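What follows is the content of start-v8.cif (mmCIF, C-alpha atoms).
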data_input
loop_
_atom_site.label_atom_id
_atom_site.label_comp_id
_atom_site.auth_asym_id
_atom_site.auth_seq_id
_atom_site.Cartn_x
_atom_site.Cartn_y
_atom_site.Cartn_z
CA MET P 1 47.08 112.08 151.86
CA ASN P 2 47.82 115.70 152.69
CA ILE P 3 49.92 118.55 151.38
CA SER P 4 52.91 117.59 153.56
CA ASP P 5 53.30 114.35 151.58
CA TYR P 6 54.43 116.32 148.54
CA THR P 7 57.46 118.42 147.68
CA PHE P 8 56.62 121.28 145.28
CA GLN P 9 59.18 121.52 142.47
CA LYS P 10 57.79 124.12 140.04
CA THR P 11 54.63 125.78 138.72
CA ILE P 12 53.46 124.31 135.39
CA GLY P 13 50.12 126.10 134.93
CA LYS P 14 48.04 129.05 136.11
CA GLY P 15 44.42 130.09 135.71
CA SER P 16 41.44 131.68 137.39
CA TYR P 17 40.80 128.36 139.18
CA GLY P 18 44.26 128.29 140.82
CA LYS P 19 47.61 126.76 139.92
CA VAL P 20 49.08 123.45 138.76
CA TYR P 21 52.38 122.28 140.24
CA LYS P 22 54.90 119.60 139.50
CA VAL P 23 55.29 117.73 142.81
CA LEU P 24 57.28 114.85 144.23
CA ASN P 25 55.50 112.30 146.40
CA ARG P 26 57.79 111.70 149.39
CA LYS P 27 56.37 108.23 150.07
CA ASN P 28 56.96 106.59 146.69
CA SER P 29 59.39 109.14 145.15
CA LYS P 30 57.17 109.59 142.06
CA ILE P 31 56.41 112.78 140.15
CA TYR P 32 52.80 113.97 139.86
CA ALA P 33 50.82 117.05 138.84
CA LEU P 34 48.93 118.74 141.69
CA LYS P 35 46.11 121.09 140.77
CA GLN P 36 44.98 123.51 143.47
CA ILE P 37 41.39 124.69 142.94
CA LYS P 38 39.88 127.36 145.14
CA ILE P 39 36.60 126.09 146.62
CA HIS P 40 35.77 128.81 149.13
CA PRO P 41 34.39 131.30 148.48
CA ILE P 42 33.25 130.50 144.90
CA GLN P 43 29.99 130.66 142.97
CA HIS P 44 27.59 127.77 142.50
CA SER P 45 28.52 127.27 138.81
CA GLU P 46 32.23 127.11 139.67
CA LYS P 47 31.52 124.47 142.33
CA LEU P 48 29.70 122.45 139.69
CA PHE P 49 32.76 122.59 137.41
CA VAL P 50 35.00 121.36 140.24
CA MET P 51 32.55 118.55 141.00
CA ASN P 52 32.45 117.48 137.35
CA GLU P 53 36.22 117.30 137.06
CA LEU P 54 36.55 115.34 140.31
CA ARG P 55 33.84 112.82 139.47
CA LEU P 56 35.12 112.18 135.92
CA LEU P 57 38.76 111.84 136.95
CA ALA P 58 37.82 109.40 139.71
CA SER P 59 35.47 107.37 137.48
CA HIS P 60 36.96 106.94 133.99
CA GLU P 61 39.04 103.99 132.72
CA SER P 62 40.47 105.42 129.48
CA ASP P 63 44.21 105.38 128.73
CA TYR P 64 43.85 108.64 126.77
CA ILE P 65 42.41 110.76 129.58
CA ILE P 66 44.62 112.06 132.38
CA ARG P 67 44.91 109.55 135.25
CA PHE P 68 43.59 110.38 138.72
CA LYS P 69 45.81 109.58 141.73
CA SER P 70 44.49 111.31 144.84
CA CYS P 71 42.41 114.18 146.18
CA PHE P 72 42.36 116.09 149.48
CA ILE P 73 41.49 119.46 151.03
CA ASP P 74 44.17 121.96 152.01
CA MET P 75 42.85 125.12 153.65
CA ASN P 76 40.37 126.63 151.12
CA TYR P 77 41.71 124.63 148.19
CA LEU P 78 40.81 121.27 146.72
CA CYS P 79 43.98 119.48 145.57
CA LEU P 80 43.67 117.09 142.63
CA VAL P 81 46.69 114.87 142.14
CA THR P 82 47.03 113.35 138.66
CA GLU P 83 49.72 111.74 136.56
CA TYR P 84 52.40 114.11 135.28
CA ALA P 85 52.84 114.68 131.53
CA GLU P 86 56.61 114.98 131.09
CA LYS P 87 56.46 116.53 127.61
CA GLY P 88 53.92 119.21 128.53
CA ASP P 89 50.92 119.94 126.32
CA LEU P 90 50.41 119.87 122.57
CA SER P 91 50.45 123.66 122.27
CA LEU P 92 53.99 123.69 123.66
CA ILE P 93 55.09 121.10 121.10
CA ILE P 94 53.51 123.20 118.31
CA LYS P 95 55.36 126.30 119.55
CA ASN P 96 58.65 124.39 119.54
CA LYS P 97 57.98 123.41 115.91
CA GLN P 98 57.38 127.08 115.07
CA LYS P 99 60.65 128.11 116.73
CA THR P 100 62.67 125.49 114.87
CA GLN P 101 60.74 126.15 111.64
CA THR P 102 59.94 122.48 111.20
CA ILE P 103 56.61 120.77 110.56
CA PHE P 104 54.98 117.63 111.88
CA SER P 105 55.44 114.53 109.80
CA GLU P 106 52.23 112.89 108.60
CA ASN P 107 52.95 109.99 110.93
CA GLU P 108 53.17 112.37 113.92
CA ILE P 109 49.89 114.06 112.98
CA TRP P 110 48.07 110.71 112.77
CA HIS P 111 49.64 109.64 116.07
CA TYR P 112 48.30 112.64 118.00
CA PHE P 113 45.00 112.97 116.09
CA LEU P 114 43.99 109.32 116.51
CA GLN P 115 44.76 109.19 120.23
CA ILE P 116 42.77 112.39 120.82
CA SER P 117 39.91 110.87 118.81
CA VAL P 118 39.96 107.63 120.83
CA GLY P 119 39.88 109.63 124.07
CA LEU P 120 36.94 111.68 122.78
CA SER P 121 35.12 108.53 121.68
CA TYR P 122 35.25 107.31 125.30
CA LEU P 123 33.69 110.56 126.55
CA HIS P 124 31.04 110.66 123.82
CA LYS P 125 30.16 107.02 124.51
CA PHE P 126 28.82 108.17 127.90
CA ASN P 127 27.27 111.40 126.50
CA ILE P 128 30.00 113.60 127.97
CA ILE P 129 30.98 116.74 126.03
CA HIS P 130 34.43 118.14 126.78
CA ARG P 131 33.52 121.64 125.50
CA ASP P 132 37.10 122.95 125.75
CA MET P 133 39.13 120.79 123.38
CA LYS P 134 42.30 122.63 122.33
CA PRO P 135 46.06 121.86 122.09
CA ALA P 136 46.68 123.34 125.56
CA ASN P 137 44.34 120.71 127.06
CA VAL P 138 46.01 117.77 125.31
CA PHE P 139 48.91 116.58 127.42
CA ILE P 140 51.79 114.35 126.25
CA ASP P 141 53.50 111.86 128.56
CA ARG P 142 57.10 110.62 128.45
CA TYR P 143 56.15 107.92 125.92
CA ASN P 144 54.60 110.52 123.57
CA ASN P 145 51.07 109.32 124.36
CA VAL P 146 48.06 111.65 124.53
CA LYS P 147 46.28 112.43 127.80
CA ILE P 148 43.19 114.65 127.56
CA GLY P 149 42.93 116.95 130.58
CA ASP P 150 41.24 120.05 132.04
CA LEU P 151 37.84 118.40 132.39
CA GLY P 152 36.26 121.09 134.54
CA ILE P 153 33.71 122.39 132.03
CA ILE P 154 32.49 119.03 130.72
CA LYS P 155 28.78 118.73 130.02
CA ILE P 156 26.95 115.53 130.94
CA MET P 157 24.05 115.08 128.56
CA ARG P 158 21.04 113.20 129.94
CA ASN P 159 18.85 110.99 127.78
CA TYR P 160 16.00 113.43 128.16
CA MET P 161 18.23 116.46 127.46
CA MET P 162 20.68 115.80 124.64
CA TYR P 163 21.51 119.45 123.95
CA GLY P 164 23.37 122.20 125.77
CA GLN P 165 23.10 125.95 125.38
CA THR P 166 25.72 127.49 127.67
CA GLN P 167 28.29 129.66 125.89
CA ILE P 168 31.55 128.32 127.17
CA GLY P 169 35.00 127.31 125.89
CA THR P 170 38.05 128.93 124.30
CA PRO P 171 37.14 131.47 121.54
CA LEU P 172 39.57 130.15 118.89
CA TYR P 173 38.12 126.63 119.09
CA MET P 174 34.43 127.36 119.77
CA SER P 175 31.94 126.16 117.17
CA PRO P 176 29.46 128.50 115.41
CA GLU P 177 26.46 127.10 117.30
CA ILE P 178 28.04 127.98 120.67
CA TYR P 179 28.74 131.54 119.51
CA LYS P 180 25.15 131.83 118.30
CA ARG P 181 23.87 130.48 121.62
CA GLU P 182 22.03 127.74 119.79
CA ARG P 183 21.44 124.28 121.12
CA TYR P 184 24.49 122.07 120.68
CA ASP P 185 25.61 118.50 121.28
CA ILE P 186 28.79 116.41 121.06
CA LYS P 187 29.46 117.83 117.58
CA VAL P 188 31.08 120.89 119.21
CA ASP P 189 34.00 118.63 120.16
CA ILE P 190 34.23 117.48 116.53
CA TRP P 191 34.62 121.12 115.41
CA ALA P 192 37.37 121.64 118.01
CA LEU P 193 39.04 118.39 116.91
CA GLY P 194 39.15 119.75 113.35
CA CYS P 195 40.74 122.98 114.62
CA ILE P 196 43.41 120.93 116.43
CA LEU P 197 44.07 118.91 113.25
CA TYR P 198 44.41 122.13 111.25
CA GLU P 199 46.93 123.49 113.76
CA LEU P 200 48.96 120.27 113.57
CA MET P 201 49.10 120.62 109.78
CA THR P 202 49.88 124.35 109.57
CA LEU P 203 51.22 125.29 113.04
CA LYS P 204 48.63 128.11 113.05
CA PRO P 205 45.06 128.43 114.38
CA ALA P 206 42.34 127.68 111.86
CA PHE P 207 40.56 130.93 112.77
CA TYR P 208 42.52 133.96 113.92
CA ALA P 209 41.48 137.60 114.12
CA GLU P 210 42.41 140.85 115.82
CA ASN P 211 39.11 141.07 117.70
CA ILE P 212 36.18 138.88 118.70
CA SER P 213 33.80 140.35 116.08
CA GLU P 214 36.15 139.50 113.24
CA LEU P 215 36.74 136.07 114.73
CA LYS P 216 32.99 135.39 114.86
CA CYS P 217 32.58 136.37 111.22
CA LYS P 218 35.31 133.95 110.15
CA ILE P 219 33.90 131.12 112.25
CA PHE P 220 30.31 131.71 111.05
CA SER P 221 31.50 131.54 107.44
CA GLY P 222 33.67 128.49 108.11
CA ARG P 223 36.50 129.95 106.01
CA PHE P 224 39.93 128.92 107.11
CA ASN P 225 43.29 129.44 105.46
CA ILE P 226 44.16 127.37 102.40
CA ILE P 227 45.82 124.03 103.17
CA TYR P 228 46.56 122.90 99.63
CA TYR P 229 50.24 123.80 99.93
CA THR P 230 50.77 121.50 102.92
CA PRO P 231 52.75 118.32 102.07
CA TYR P 232 50.10 115.90 103.35
CA ARG P 233 47.92 113.35 101.60
CA HIS P 234 44.45 114.27 100.35
CA GLU P 235 42.82 111.85 102.89
CA LEU P 236 44.01 114.06 105.74
CA LYS P 237 42.87 117.24 103.98
CA ASN P 238 39.44 115.77 103.18
CA LEU P 239 39.09 114.70 106.79
CA LEU P 240 39.78 118.26 107.90
CA ARG P 241 37.01 119.63 105.68
CA ARG P 242 34.53 117.14 107.14
CA LEU P 243 35.37 118.17 110.70
CA ILE P 244 35.36 121.94 110.27
CA ASN P 245 31.83 122.29 108.91
CA ILE P 246 29.52 125.08 110.02
CA GLN P 247 26.57 122.68 109.80
CA PRO P 248 26.69 120.40 112.89
CA ARG P 249 24.55 117.70 111.24
CA LEU P 250 27.10 117.42 108.41
CA ARG P 251 30.00 116.81 110.80
CA PRO P 252 30.69 113.12 111.46
CA THR P 253 30.28 111.67 114.92
CA ILE P 254 33.46 110.39 116.52
CA ALA P 255 32.24 106.82 115.95
CA ASP P 256 31.66 107.48 112.22
CA LEU P 257 35.06 109.13 112.01
CA LEU P 258 36.88 106.17 113.56
CA ASN P 259 35.01 103.69 111.34
CA THR P 260 36.20 105.38 108.14
CA ASN P 261 38.33 103.00 106.05
CA TYR P 262 41.53 105.04 105.92
CA VAL P 263 41.19 105.94 109.63
CA GLN P 264 40.73 102.24 110.43
CA LYS P 265 43.94 101.46 108.53
CA GLN P 266 45.83 104.06 110.55
CA LEU P 267 44.39 102.66 113.80
CA GLN P 268 45.41 99.10 112.89
CA LEU P 269 48.84 100.29 111.84
CA ARG P 270 49.37 101.80 115.31
CA LYS P 271 47.49 99.03 117.16
CA LEU P 272 45.22 101.51 118.94
CA ASN P 273 42.23 100.17 120.87
CA LEU P 274 38.92 102.04 120.69
CA ASP P 275 38.06 101.57 124.39
CA ARG P 276 34.73 99.98 123.36
CA ASN P 277 34.69 97.58 126.30
CA LEU P 278 35.72 100.15 128.89
CA ARG P 279 33.17 101.26 131.45
CA ILE P 280 32.69 104.18 133.80
CA LYS P 281 31.80 103.98 137.47
CA GLU P 282 28.10 104.02 138.24
CA ASN P 283 28.41 106.79 140.83
CA PHE P 284 29.52 109.15 138.06
CA PHE P 285 25.88 109.58 136.99
CA GLU P 286 24.50 109.89 140.52
CA ASN P 287 22.96 113.16 141.56
CA CYS P 288 24.89 114.65 144.44
CA PHE P 289 24.50 117.78 146.48
CA ILE P 290 26.70 120.81 145.89
CA PRO P 291 29.03 121.32 148.90
CA LYS P 292 28.73 124.49 150.90
CA LYS P 293 31.28 123.93 153.66
CA ILE P 294 34.74 122.37 153.78
CA GLU P 295 33.32 119.34 155.61
CA ASP P 296 30.83 118.85 152.78
CA TRP P 297 33.70 118.79 150.28
CA LYS P 298 35.44 116.10 152.32
CA SER P 299 32.27 113.98 152.17
CA VAL P 300 32.08 114.40 148.39
CA ILE P 301 35.73 113.40 147.97
CA LEU P 302 35.17 110.33 150.11
CA HIS P 303 32.08 109.41 148.08
CA TYR P 304 33.96 109.39 144.76
CA THR P 305 37.28 107.95 145.96
CA VAL P 306 36.25 105.36 148.57
CA ASN P 307 36.00 102.56 145.99
CA LEU P 308 38.84 103.81 143.85
CA LYS P 309 40.52 100.78 142.31
CA LEU P 310 44.07 100.50 141.18
CA THR P 311 44.53 100.84 137.45
CA VAL P 312 46.76 98.57 135.39
CA HIS P 313 49.34 101.36 135.35
CA ASP P 314 49.18 101.70 139.14
CA GLU P 315 49.61 97.94 139.57
CA ARG P 316 52.62 98.05 137.29
CA ASP P 317 54.06 100.96 139.26
CA ILE P 318 53.52 99.10 142.55
CA GLU P 319 55.10 95.97 141.08
CA ARG P 320 58.04 98.02 139.87
CA ILE P 321 58.45 99.69 143.27
CA ASN P 322 58.29 96.28 145.01
CA MET P 323 60.93 94.96 142.64
CA ILE P 324 63.13 97.95 143.36
CA GLU P 325 62.68 97.49 147.11
CA ALA P 326 63.48 93.76 146.82
CA ALA P 327 66.56 94.61 144.78
CA ASN P 328 67.60 97.18 147.41
CA ILE P 329 67.20 94.60 150.19
CA GLN P 330 69.26 92.10 148.19
CA ALA P 331 71.88 94.76 147.52
CA ASN P 332 72.02 95.65 151.23
CA LEU P 333 72.46 91.99 152.18
CA LEU P 334 75.20 91.63 149.59
CA MET P 335 76.82 94.80 150.89
CA GLU P 336 76.74 93.50 154.46
CA LYS P 337 78.22 90.20 153.31
CA THR P 338 80.93 92.05 151.42
CA LYS P 339 81.68 94.19 154.46
CA GLN P 340 81.99 91.06 156.63
CA GLU P 341 84.27 89.37 154.09
CA LYS P 342 86.33 92.54 153.86
CA PHE P 343 86.59 92.68 157.64
CA GLU P 344 87.74 89.03 157.79
CA LEU P 345 90.24 89.61 155.00
CA ASN P 346 91.63 92.69 156.72
CA LYS P 347 91.93 90.68 159.93
CA LYS P 348 93.92 87.95 158.16
CA ILE P 349 96.11 90.55 156.47
CA LYS P 350 96.88 92.17 159.83
CA GLU P 351 97.73 88.75 161.33
CA LYS P 352 100.12 88.00 158.48
CA GLN P 353 101.64 91.44 158.80
CA TYR P 354 102.18 90.79 162.52
CA GLU P 355 103.83 87.45 161.70
CA ILE P 356 106.08 89.15 159.18
CA ILE P 357 107.09 91.74 161.77
CA ILE P 358 107.90 89.02 164.35
CA THR P 359 109.85 87.05 161.75
CA GLN P 360 111.74 90.18 160.76
CA GLU P 361 112.64 90.88 164.37
CA ILE P 362 113.89 87.29 164.83
CA LEU P 363 115.92 87.59 161.63
CA ASN P 364 117.45 90.83 162.84
CA GLU P 365 118.39 89.18 166.14
CA LYS P 366 120.06 86.31 164.29
CA LYS P 367 121.97 88.78 162.16
CA VAL P 368 123.25 90.49 165.31
CA GLU P 369 124.38 87.15 166.78
CA LEU P 370 126.16 86.25 163.55
CA ASN P 371 127.97 89.58 163.52
CA GLN P 372 129.09 89.00 167.10
CA LEU P 373 130.48 85.56 166.28
CA GLN P 374 132.37 86.94 163.29
CA ASN P 375 133.89 89.66 165.45
CA GLU P 376 135.01 87.10 168.04
CA LEU P 377 136.64 84.98 165.32
CA LYS P 378 138.60 87.97 164.09
CA LYS P 379 139.86 88.67 167.60
CA LEU P 380 141.13 85.11 168.05
CA GLU P 381 142.90 85.28 164.66
CA ILE P 382 142.31 81.67 164.09
CA LYS P 383 143.76 80.76 160.74
CA PRO P 384 142.87 77.55 159.06
CA GLU P 385 145.66 74.94 158.48
CA VAL P 386 147.02 74.91 154.95
CA THR P 387 148.10 71.60 153.43
CA PRO P 388 151.61 72.01 151.79
CA LYS P 389 151.79 71.43 148.18
CA HIS P 390 153.92 68.45 146.81
CA THR P 391 157.22 69.62 145.19
CA PRO P 392 158.81 67.14 142.74
CA VAL P 393 162.48 66.08 143.36
CA PRO P 394 164.71 67.26 140.54
CA LYS P 395 166.45 64.52 138.56
CA LYS P 396 170.27 64.23 138.60
CA TYR P 397 171.83 65.46 135.41
CA THR P 398 174.20 63.03 133.72
CA PRO P 399 176.13 64.52 130.92
CA MET P 400 176.29 62.54 127.75
CA PRO P 401 179.67 61.10 126.73
CA PRO P 402 181.39 62.72 123.76
CA LEU P 403 180.64 61.30 120.46
CA HIS P 404 183.74 59.71 118.85
CA ARG P 405 183.76 59.13 115.20
CA PRO P 406 186.45 58.79 112.64
CA ILE P 407 187.61 61.81 110.89
CA ASN P 408 187.87 61.33 107.23
CA PRO P 409 190.37 63.64 105.71
CA ARG P 410 189.25 65.71 102.82
CA PRO P 411 190.13 63.94 99.74
CA ASN P 412 192.86 65.48 97.67
CA ILE P 413 191.41 66.10 94.42
CA PHE P 414 194.70 67.27 92.92
CA LYS P 415 196.29 64.00 93.22
#

Here is a file; write its structure as C-alpha cells.
Amino acid sequence: MNISDYTFQKTIGKGSYGKVYKVLNRKNSKIYALKQIKIHPIQHSEKLFVMNELRLLASHESDYIIRFKSCFIDMNYLCLVTEYAEKGDLSLIIKNKQKTQTIFSENEIWHYFLQISVGLSYLHKFNIIHRDMKPANVFIDRYNNVKIGDLGIIKIMRNYMMYGQTQIGTPLYMSPEIYKRERYDIKVDIWALGCILYELMTLKPAFYAENISELKCKIFSGRFNIIYYTPYRHELKNLLRRLINIQPRLRPTIADLLNTNYVQKQLQLRKLNLDRNLRIKENFFENCFIPKKIEDWKSVILHYTVNLKLTVHDERDIERINMIEAANIQANLLMEKTKQEKFELNKKIKEKQYEIIITQEILNEKKVELNQLQNELKKLEIKPEVTPKHTPVPKKYTPMPPLHRPINPRPNIFK
C-alpha cells in the first residue's frame, strides 16, 4: 500500500500529531480514515506514542475499538489507515443535541455507555490504560456502534509496575490523582467514563471553569453540577456518583461495573458480549527498539503487520465484494446476451422491412399494369352485350255485348 492507492476526500481531524482524512481506496472502492503522523523529526516520547498506537491497532480483536486496516510510510509521515466512522465522534452528536435543544433518551445513554465500557474492559483486561477517554475519542459508525480511538497515549502497565505517574490527558476529563501527579492506575479511565456519562445526561461537561486553577479546585473537590432534575432513573444517577469519586479506591473497576445487576440487565437486553474470550497478539507486549530512521520505521511496521489476520468484518467485506463482482460478471454476460438478441432481432426486422419494400414495389407494378389495361379497354370502347327484356303481347279487346232486359213500365198508381 502507498499514498497513491487513496483518493483524499476531506479533512476530518487536526492536531499536533498531523491530520486525519476521509479517503477512498481506489482498489476496493471503500471509505477509510487515514491518519498522517509526523515521525521525523520528533522527540523520543512522541515516537513512543506513535509506536503504542500502531502496536495496539494492529494487535487488538475488540469490536468496540477502531479497526486497523493498513500502515505505510509517506515521506516523513506514518500513515495509519483505519475504518471510517460515518457518524463522527460522540462530541459531535452531543453538540447536535445542544443545537436542537433535545436530550438523549435513557436507551441512547445506555447504548453508548455500555459499548464504551465493554471496549474499556478489553483494554483493562490486558492492563492497558487509555488515559485520554473523552467524547471526542469515541467514534460512532454507520450502525450507531461505538469505536474507541486515538490510542496514542495509552499506558501499558507491567506486572511489576502497576502504576503510572505521567501527567497526561485532556484537562476536563483528567482525574484528581493525575493533576496531583500521584501514582495512578486504570481507575483514571473510570473517572473519565463518569465524565462522559455526565455529559450524555446533561449535554455539559461535569467540570467546567474559566481557568485551569479553578478547574483543578472543582476536580479536587469532586463537586459537579446537580443532576437531580434530569429525567433519568436513579440507577443511572447512582452509577454516575460511583464513577466520579475523588478516591480512586472507591471507584469500581470496569469488571465490577459490568457485573452490577442492573448493568447486567441492560447488557442482556442489548445482547452485548463482554469480549472475555478475546485475545491480543503476543507481539504487542514485546520490547522493541525505538526507530530513528525511516528505514527503521518500515521494519517496525513490517514486524507488527506481517501476521495481520483478516477480521470477521474484513472477511464479510471481501465476501460482499466477491458477490458484487460475481453479480457484475453475471450482469455483463446477460447484457452481452441481450445485445446479441437485440442484434438478431434488428436483423430480422430489417429483412422483413426489405421484403415489405419488395412486395410494395411489385404491388405498385401490378397497379400500373392494371391501369394500362383499363385505359386500353376504354380506347376500344368495347361494350358488353345486353340481353333484351321480354315484352308481353297485349291481349285483343273484345267489347261486351249490350245487356238486354225487359223494361217494366212504371206502374200507374192513379189507376

Distance criterion (only C-alpha atoms): nearest to Leu120 (chain P) out of P:Lys339, P:Arg249, P:Arg276, P:Arg142: P:Arg276

Given the point (34.2, 130.9, 124.9) in the coordinates of this file, which residues lie within 12 Å, counting only C-alpha atoms, and how would they look as a PDB file with C-alpha atoms, in the coordinates of the input?
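What follows is the written file point_28.pdb:
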ATOM      1  CA  ARG P 131      33.520 121.640 125.500  1.00  0.00           C
ATOM      2  CA  ASP P 132      37.100 122.950 125.750  1.00  0.00           C
ATOM      3  CA  MET P 133      39.130 120.790 123.380  1.00  0.00           C
ATOM      4  CA  LYS P 134      42.300 122.630 122.330  1.00  0.00           C
ATOM      5  CA  ILE P 153      33.710 122.390 132.030  1.00  0.00           C
ATOM      6  CA  THR P 166      25.720 127.490 127.670  1.00  0.00           C
ATOM      7  CA  GLN P 167      28.290 129.660 125.890  1.00  0.00           C
ATOM      8  CA  ILE P 168      31.550 128.320 127.170  1.00  0.00           C
ATOM      9  CA  GLY P 169      35.000 127.310 125.890  1.00  0.00           C
ATOM     10  CA  THR P 170      38.050 128.930 124.300  1.00  0.00           C
ATOM     11  CA  PRO P 171      37.140 131.470 121.540  1.00  0.00           C
ATOM     12  CA  LEU P 172      39.570 130.150 118.890  1.00  0.00           C
ATOM     13  CA  TYR P 173      38.120 126.630 119.090  1.00  0.00           C
ATOM     14  CA  MET P 174      34.430 127.360 119.770  1.00  0.00           C
ATOM     15  CA  SER P 175      31.940 126.160 117.170  1.00  0.00           C
ATOM     16  CA  PRO P 176      29.460 128.500 115.410  1.00  0.00           C
ATOM     17  CA  GLU P 177      26.460 127.100 117.300  1.00  0.00           C
ATOM     18  CA  ILE P 178      28.040 127.980 120.670  1.00  0.00           C
ATOM     19  CA  TYR P 179      28.740 131.540 119.510  1.00  0.00           C
ATOM     20  CA  LYS P 180      25.150 131.830 118.300  1.00  0.00           C
ATOM     21  CA  ARG P 181      23.870 130.480 121.620  1.00  0.00           C
ATOM     22  CA  VAL P 188      31.080 120.890 119.210  1.00  0.00           C
ATOM     23  CA  ALA P 192      37.370 121.640 118.010  1.00  0.00           C
ATOM     24  CA  ILE P 212      36.180 138.880 118.700  1.00  0.00           C
ATOM     25  CA  LEU P 215      36.740 136.070 114.730  1.00  0.00           C
ATOM     26  CA  LYS P 216      32.990 135.390 114.860  1.00  0.00           C
TER      27      LYS P 216
END

Between CA of Leu34 (chain P) and CA of Asn52 (chain P), distance in Å (one decimal):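 We find that CA of Leu34 (chain P) and CA of Asn52 (chain P) lie 17.1 Å from each other.
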
Selection result for the PyMOL selection byres ((chain P and resi 123) around 10) on this file, as a VMD selection string: chain P and resid 56 60 62 65 117 to 122 124 to 130 154 156 186 280

Separation of CA of Thr7 (chain P) from CA of Arg26 (chain P), in Å and rounded to one decimal: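 Atom-to-atom, CA of Thr7 (chain P) to CA of Arg26 (chain P), that is 6.9 Å.
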
8 Å contact set for Asp141 (chain P), all atoms listed in the file, chain neighbours under 5 positions out, as an MDAnalysis selection string: chainID P and resid 84:88 146:147

Ser45 (chain P) surroundings by only C-alpha atoms, 10 Å radius, close-in-sequence under 5 positions cut, as a PDB file with C-alpha atoms, in the coordinates of the input:
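Generated file (selection-v8.pdb):
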ATOM      1  CA  VAL P  50      35.000 121.360 140.240  1.00  0.00           C
ATOM      2  CA  MET P  51      32.550 118.550 141.000  1.00  0.00           C
ATOM      3  CA  ILE P 153      33.710 122.390 132.030  1.00  0.00           C
ATOM      4  CA  ILE P 290      26.700 120.810 145.890  1.00  0.00           C
TER       5      ILE P 290
END

Residue with smallest distance to Asn144 (chain P) - pool P:Tyr64, P:Val306, P:Ile362, P:Gln98, counting only C-alpha atoms: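 Distance minimum relative to Asn144 (chain P) lands on P:Tyr64.
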
Residues matched by the PyMOL selection byres ((chain P and resi 233) around 12) as number ranges by chain: P: 105-107, 109-110, 201, 227-232, 234-240, 262

Pick from P:Leu48, P:Leu24, P:Leu258, P:Ile356 nearest to Lys155 (chain P), counting only C-alpha atoms: P:Leu48

Residues selected by the PyMOL selection byres ((chain P and resi 291) around 10), written as a ChimeraX atom specification: /P:39,44,47-48,51,288-290,292-300

Please identify all polymer residues within 9 Å of Val81 (chain P), counting all atoms listed in the file, omitting same-chain residues fewer than 2 positions from it, and present them as a CSV table (one decimal) with C-alpha atoms, keeping the file's coordinate frame.
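See result08.csv below for the written result:
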chain,number,residue,atom,x,y,z
P,32,TYR,CA,52.8,114.0,139.9
P,33,ALA,CA,50.8,117.0,138.8
P,34,LEU,CA,48.9,118.7,141.7
P,35,LYS,CA,46.1,121.1,140.8
P,36,GLN,CA,45.0,123.5,143.5
P,67,ARG,CA,44.9,109.6,135.2
P,68,PHE,CA,43.6,110.4,138.7
P,69,LYS,CA,45.8,109.6,141.7
P,70,SER,CA,44.5,111.3,144.8
P,71,CYS,CA,42.4,114.2,146.2
P,72,PHE,CA,42.4,116.1,149.5
P,79,CYS,CA,44.0,119.5,145.6
P,83,GLU,CA,49.7,111.7,136.6
P,84,TYR,CA,52.4,114.1,135.3

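Counting from CA of Ile66 (chain P), the distance to CA of Ile196 (chain P) is 18.3 Å.
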